[in-house]
Amino acid sequence: MSRNLVRGLLVAASVTLVTSAVAQSESGRAPGERWRDCDECPEVIAIPVGSFVMGSPPEEEGRYDREGPAHPVTITRPYAIGVYEVTRDEYSRFVRATGYASEAQSCMVNEGVEWKELVGVNWRNVAFPQTVRHPVVCISWNDATAYAAWLSEHTGARYRLPSAAEWEYAARAGTSTPWYWGDSTEPQCRNANGADEASGLPWRHNCNDGYAKTSLVGSFQSNAYGLHDMLGNAWEWVQDCYTMSYVGAPSNGSAWQNEECPGRVMRGASWASTPKYLRAAHRGGERPSFRSDYTGFRIVRDL
């Protein structure tokens, strides 16, 4: 897809945003409004609906084929998304309230240049220090959807995982550049917790953000929609089934679901990721039961 077409679609999106702001105000929440439905609930922010180009153009440096073809998507349904990734404190309240236990008590853990699955490691007991304000990790897609279902029952509002389109639209926040802060990797350590000098990883970027592993949520600059850690810190599960390309993908912002869905999509990359993985278009996929010390999630609230 050419840069001129991308610009044209973004101009069209700006018109859509005007009308969508009216529609969203009718839902009771204006774009940019932040709130919690309960003391233990994640803080969410209302996102202005509109149009964008999902995926990456062929000329984007670091691009993978699974990020294409780039295609226009119109988000027609108002929604709010977590300002931050779900924290250990928020997830622990769900576990205490329900007695929820994961189907397995093991997690993929970083050991230098490789990851190993270790029994006895879980979200309570990762292999590095965390506080209640760090993103919860060692979380599977199954765990994340169970948490969202509990929030829905607990509050009477509908919580869920974002679709991949909703996630990317919120992450880009009106931009079309590889990263929501621009075209350059130079500002990475001000904007995202990725693999850098503090991590000690061989594939580190040449800056230092001060965090070897996860960081407290909100430690880095937000994007234009007021969202923190959309890139870096922890990979985030979304609702979609994993596919090898966007051929046939929905254009209305809904999740791409199949009857058989052996893998689910993850977005945003993590503290262990290189700049090319931190791009807004990049995506990965794993089985729904997969857990690692770099995988967490963020929730969406329907409006």
# chains A, B, ... in the order shown; residues from 1 in each chain; ligands from 1

call {"tool": "residues_around", "arguments": {"residues": "Thr98 of chain A", "least_positions_apart": "6", "cutoff": "12 Å", "atoms": "only C-alpha atoms", "output": "JSON, numbers by chain"}}
result
{"A": [91, 92, 146, 147, 149, 150, 151, 153, 154]}

call {"tool": "closest_atom_pairs", "arguments": {"of": "segment 151-266 of chain A", "to": "segment 282-285 of chain A", "cutoff": "7 Å", "atoms": "only C-alpha atoms", "output": "CSV"}}
result
residue,atom,partner,partner_atom,distance
A:Tyr242,CA,A:Gly285,CA,5.6
A:Gly263,CA,A:Gly285,CA,5.9
A:Arg264,CA,A:Gly285,CA,5.3
A:Val265,CA,A:Gly285,CA,4.3
A:Met266,CA,A:Gly284,CA,5.1

call {"tool": "select_by_dssp", "arguments": {"residues": "segment 101-200 of chain A", "states": "helix (DSSP H, G or I)", "output": "ChimeraX atom specification"}}
result
/A:141-155,164-172,188-191

call {"tool": "residues_around", "arguments": {"residues": "segment 43-46 of chain A", "least_positions_apart": "3", "cutoff": "10 Å", "atoms": "only C-alpha atoms", "output": "PyMOL selection string"}}
result
chain A and resi 24-25+29-40+49+78-86+225-227+298-303

call {"tool": "write_last_selection", "arguments": {"atoms": "N, CA and C atoms", "output": "mmCIF file, in the first residue's frame"}}
result
data_model
loop_
_atom_site.group_PDB
_atom_site.id
_atom_site.type_symbol
_atom_site.label_atom_id
_atom_site.label_comp_id
_atom_site.auth_asym_id
_atom_site.auth_seq_id
_atom_site.Cartn_x
_atom_site.Cartn_y
_atom_site.Cartn_z
ATOM 1 N N GLN A 24 -20.061 8.670 20.256
ATOM 2 C CA GLN A 24 -19.517 8.184 21.518
ATOM 3 C C GLN A 24 -20.095 8.955 22.704
ATOM 4 N N SER A 25 -20.367 10.250 22.511
ATOM 5 C CA SER A 25 -20.959 11.004 23.610
ATOM 6 C C SER A 25 -22.335 10.461 23.959
ATOM 7 N N ARG A 29 -19.989 8.389 27.463
ATOM 8 C CA ARG A 29 -18.576 8.638 27.721
ATOM 9 C C ARG A 29 -17.968 9.389 26.539
ATOM 10 N N ALA A 30 -17.342 10.500 26.804
ATOM 11 C CA ALA A 30 -16.697 11.275 25.755
ATOM 12 C C ALA A 30 -15.288 10.756 25.515
ATOM 13 N N PRO A 31 -14.788 10.827 24.285
ATOM 14 C CA PRO A 31 -13.415 10.399 24.017
ATOM 15 C C PRO A 31 -12.427 11.092 24.950
ATOM 16 N N GLY A 32 -11.528 10.332 25.523
ATOM 17 C CA GLY A 32 -10.544 10.856 26.470
ATOM 18 C C GLY A 32 -10.971 10.792 27.918
ATOM 19 N N GLU A 33 -12.245 10.469 28.181
ATOM 20 C CA GLU A 33 -12.707 10.369 29.567
ATOM 21 C C GLU A 33 -12.122 9.121 30.226
ATOM 22 N N ARG A 34 -11.639 9.266 31.460
ATOM 23 C CA ARG A 34 -11.027 8.161 32.198
ATOM 24 C C ARG A 34 -11.846 7.863 33.441
ATOM 25 N N TRP A 35 -11.958 6.585 33.789
ATOM 26 C CA TRP A 35 -12.700 6.202 34.992
ATOM 27 C C TRP A 35 -12.395 4.762 35.374
ATOM 28 N N ARG A 36 -12.857 4.395 36.572
ATOM 29 C CA ARG A 36 -12.869 3.010 37.035
ATOM 30 C C ARG A 36 -14.311 2.656 37.417
ATOM 31 N N ASP A 37 -14.733 1.452 37.091
ATOM 32 C CA ASP A 37 -16.065 1.009 37.469
ATOM 33 C C ASP A 37 -16.131 0.519 38.911
ATOM 34 N N CYS A 38 -14.992 0.258 39.514
ATOM 35 C CA CYS A 38 -14.925 -0.154 40.921
ATOM 36 C C CYS A 38 -13.513 0.112 41.420
ATOM 37 N N ASP A 39 -13.338 0.081 42.724
ATOM 38 C CA ASP A 39 -12.028 0.373 43.294
ATOM 39 C C ASP A 39 -10.952 -0.584 42.798
ATOM 40 N N GLU A 40 -11.335 -1.841 42.601
ATOM 41 C CA GLU A 40 -10.362 -2.845 42.174
ATOM 42 C C GLU A 40 -10.276 -2.992 40.661
ATOM 43 N N VAL A 49 -13.756 6.581 18.060
ATOM 44 C CA VAL A 49 -13.808 5.656 16.935
ATOM 45 C C VAL A 49 -13.435 6.378 15.637
ATOM 46 N N PRO A 78 -17.960 2.200 19.711
ATOM 47 C CA PRO A 78 -17.212 2.873 20.779
ATOM 48 C C PRO A 78 -16.706 1.871 21.819
ATOM 49 N N TYR A 79 -15.535 2.132 22.361
ATOM 50 C CA TYR A 79 -14.990 1.275 23.407
ATOM 51 C C TYR A 79 -14.017 2.072 24.265
ATOM 52 N N ALA A 80 -13.751 1.538 25.431
ATOM 53 C CA ALA A 80 -12.714 2.087 26.306
ATOM 54 C C ALA A 80 -11.672 0.999 26.509
ATOM 55 N N ILE A 81 -10.438 1.400 26.727
ATOM 56 C CA ILE A 81 -9.350 0.436 26.887
ATOM 57 C C ILE A 81 -8.527 0.812 28.128
ATOM 58 N N GLY A 82 -7.885 -0.164 28.713
ATOM 59 C CA GLY A 82 -7.089 0.080 29.895
ATOM 60 C C GLY A 82 -6.001 1.109 29.652
ATOM 61 N N VAL A 83 -5.887 2.077 30.551
ATOM 62 C CA VAL A 83 -4.812 3.066 30.460
ATOM 63 C C VAL A 83 -3.464 2.377 30.621
ATOM 64 N N TYR A 84 -3.452 1.333 31.435
ATOM 65 C CA TYR A 84 -2.244 0.564 31.704
ATOM 66 C C TYR A 84 -2.510 -0.924 31.459
ATOM 67 N N GLU A 85 -1.450 -1.688 31.403
ATOM 68 C CA GLU A 85 -1.592 -3.138 31.430
ATOM 69 C C GLU A 85 -2.134 -3.549 32.800
ATOM 70 N N VAL A 86 -2.861 -4.640 32.853
ATOM 71 C CA VAL A 86 -3.404 -5.122 34.119
ATOM 72 C C VAL A 86 -2.249 -5.417 35.079
ATOM 73 N N TYR A 225 -3.262 9.102 22.828
ATOM 74 C CA TYR A 225 -4.546 8.772 23.444
ATOM 75 C C TYR A 225 -4.440 8.628 24.958
ATOM 76 N N GLY A 226 -3.258 8.856 25.516
ATOM 77 C CA GLY A 226 -3.089 8.759 26.959
ATOM 78 C C GLY A 226 -2.845 7.349 27.454
ATOM 79 N N LEU A 227 -2.430 6.443 26.575
ATOM 80 C CA LEU A 227 -2.208 5.051 26.938
ATOM 81 C C LEU A 227 -0.724 4.789 27.161
ATOM 82 N N ARG A 298 -4.122 -6.443 28.580
ATOM 83 C CA ARG A 298 -4.843 -5.193 28.827
ATOM 84 C C ARG A 298 -6.295 -5.445 28.462
ATOM 85 N N ILE A 299 -7.227 -4.809 29.148
ATOM 86 C CA ILE A 299 -8.631 -5.107 28.905
ATOM 87 C C ILE A 299 -9.325 -3.961 28.139
ATOM 88 N N VAL A 300 -10.463 -4.324 27.532
ATOM 89 C CA VAL A 300 -11.357 -3.380 26.882
ATOM 90 C C VAL A 300 -12.695 -3.412 27.607
ATOM 91 N N ARG A 301 -13.335 -2.262 27.700
ATOM 92 C CA ARG A 301 -14.690 -2.164 28.231
ATOM 93 C C ARG A 301 -15.592 -1.649 27.125
ATOM 94 N N ASP A 302 -16.644 -2.375 26.815
ATOM 95 C CA ASP A 302 -17.599 -1.932 25.818
ATOM 96 C C ASP A 302 -18.384 -0.729 26.333
ATOM 97 N N LEU A 303 -18.766 0.148 25.416
ATOM 98 C CA LEU A 303 -19.569 1.317 25.772
ATOM 99 C C LEU A 303 -20.937 1.221 25.113
#

call {"tool": "atom_distance", "arguments": {"atom1": "atom CA of Ser292 of chain A", "atom2": "atom CA of Glu67 of chain A"}}
result
22.8 Å

call {"tool": "residues_around", "arguments": {"residues": "Ala171 of chain A", "least_positions_apart": "2", "cutoff": "9 Å", "atoms": "only C-alpha atoms", "output": "list in words"}}
result
Glu166, Trp167, Glu168, Tyr169, Ala173, Gly174, Thr175, Trp179, Tyr180, Asn223, Ala224, Tyr225, Leu227, Met230, Leu231, Gly268 and Ala280 of chain A

call {"tool": "closest_residue", "arguments": {"among": "A:Pro57, A:Pro275, A:Pro178, A:Gly248", "to": "Asn206 of chain A", "atoms": "only C-alpha atoms"}}
result
A:Pro275

call {"tool": "closest_residue", "arguments": {"among": "A:Gln239, A:Thr76, A:Ser140, A:Thr295", "to": "Leu161 of chain A", "atoms": "only C-alpha atoms"}}
result
A:Gln239

call {"tool": "closest_residue", "arguments": {"among": "A:Gly55, A:Gly112, A:Pro129, A:Pro162", "to": "Trp203 of chain A", "atoms": "only C-alpha atoms"}}
result
A:Gly112
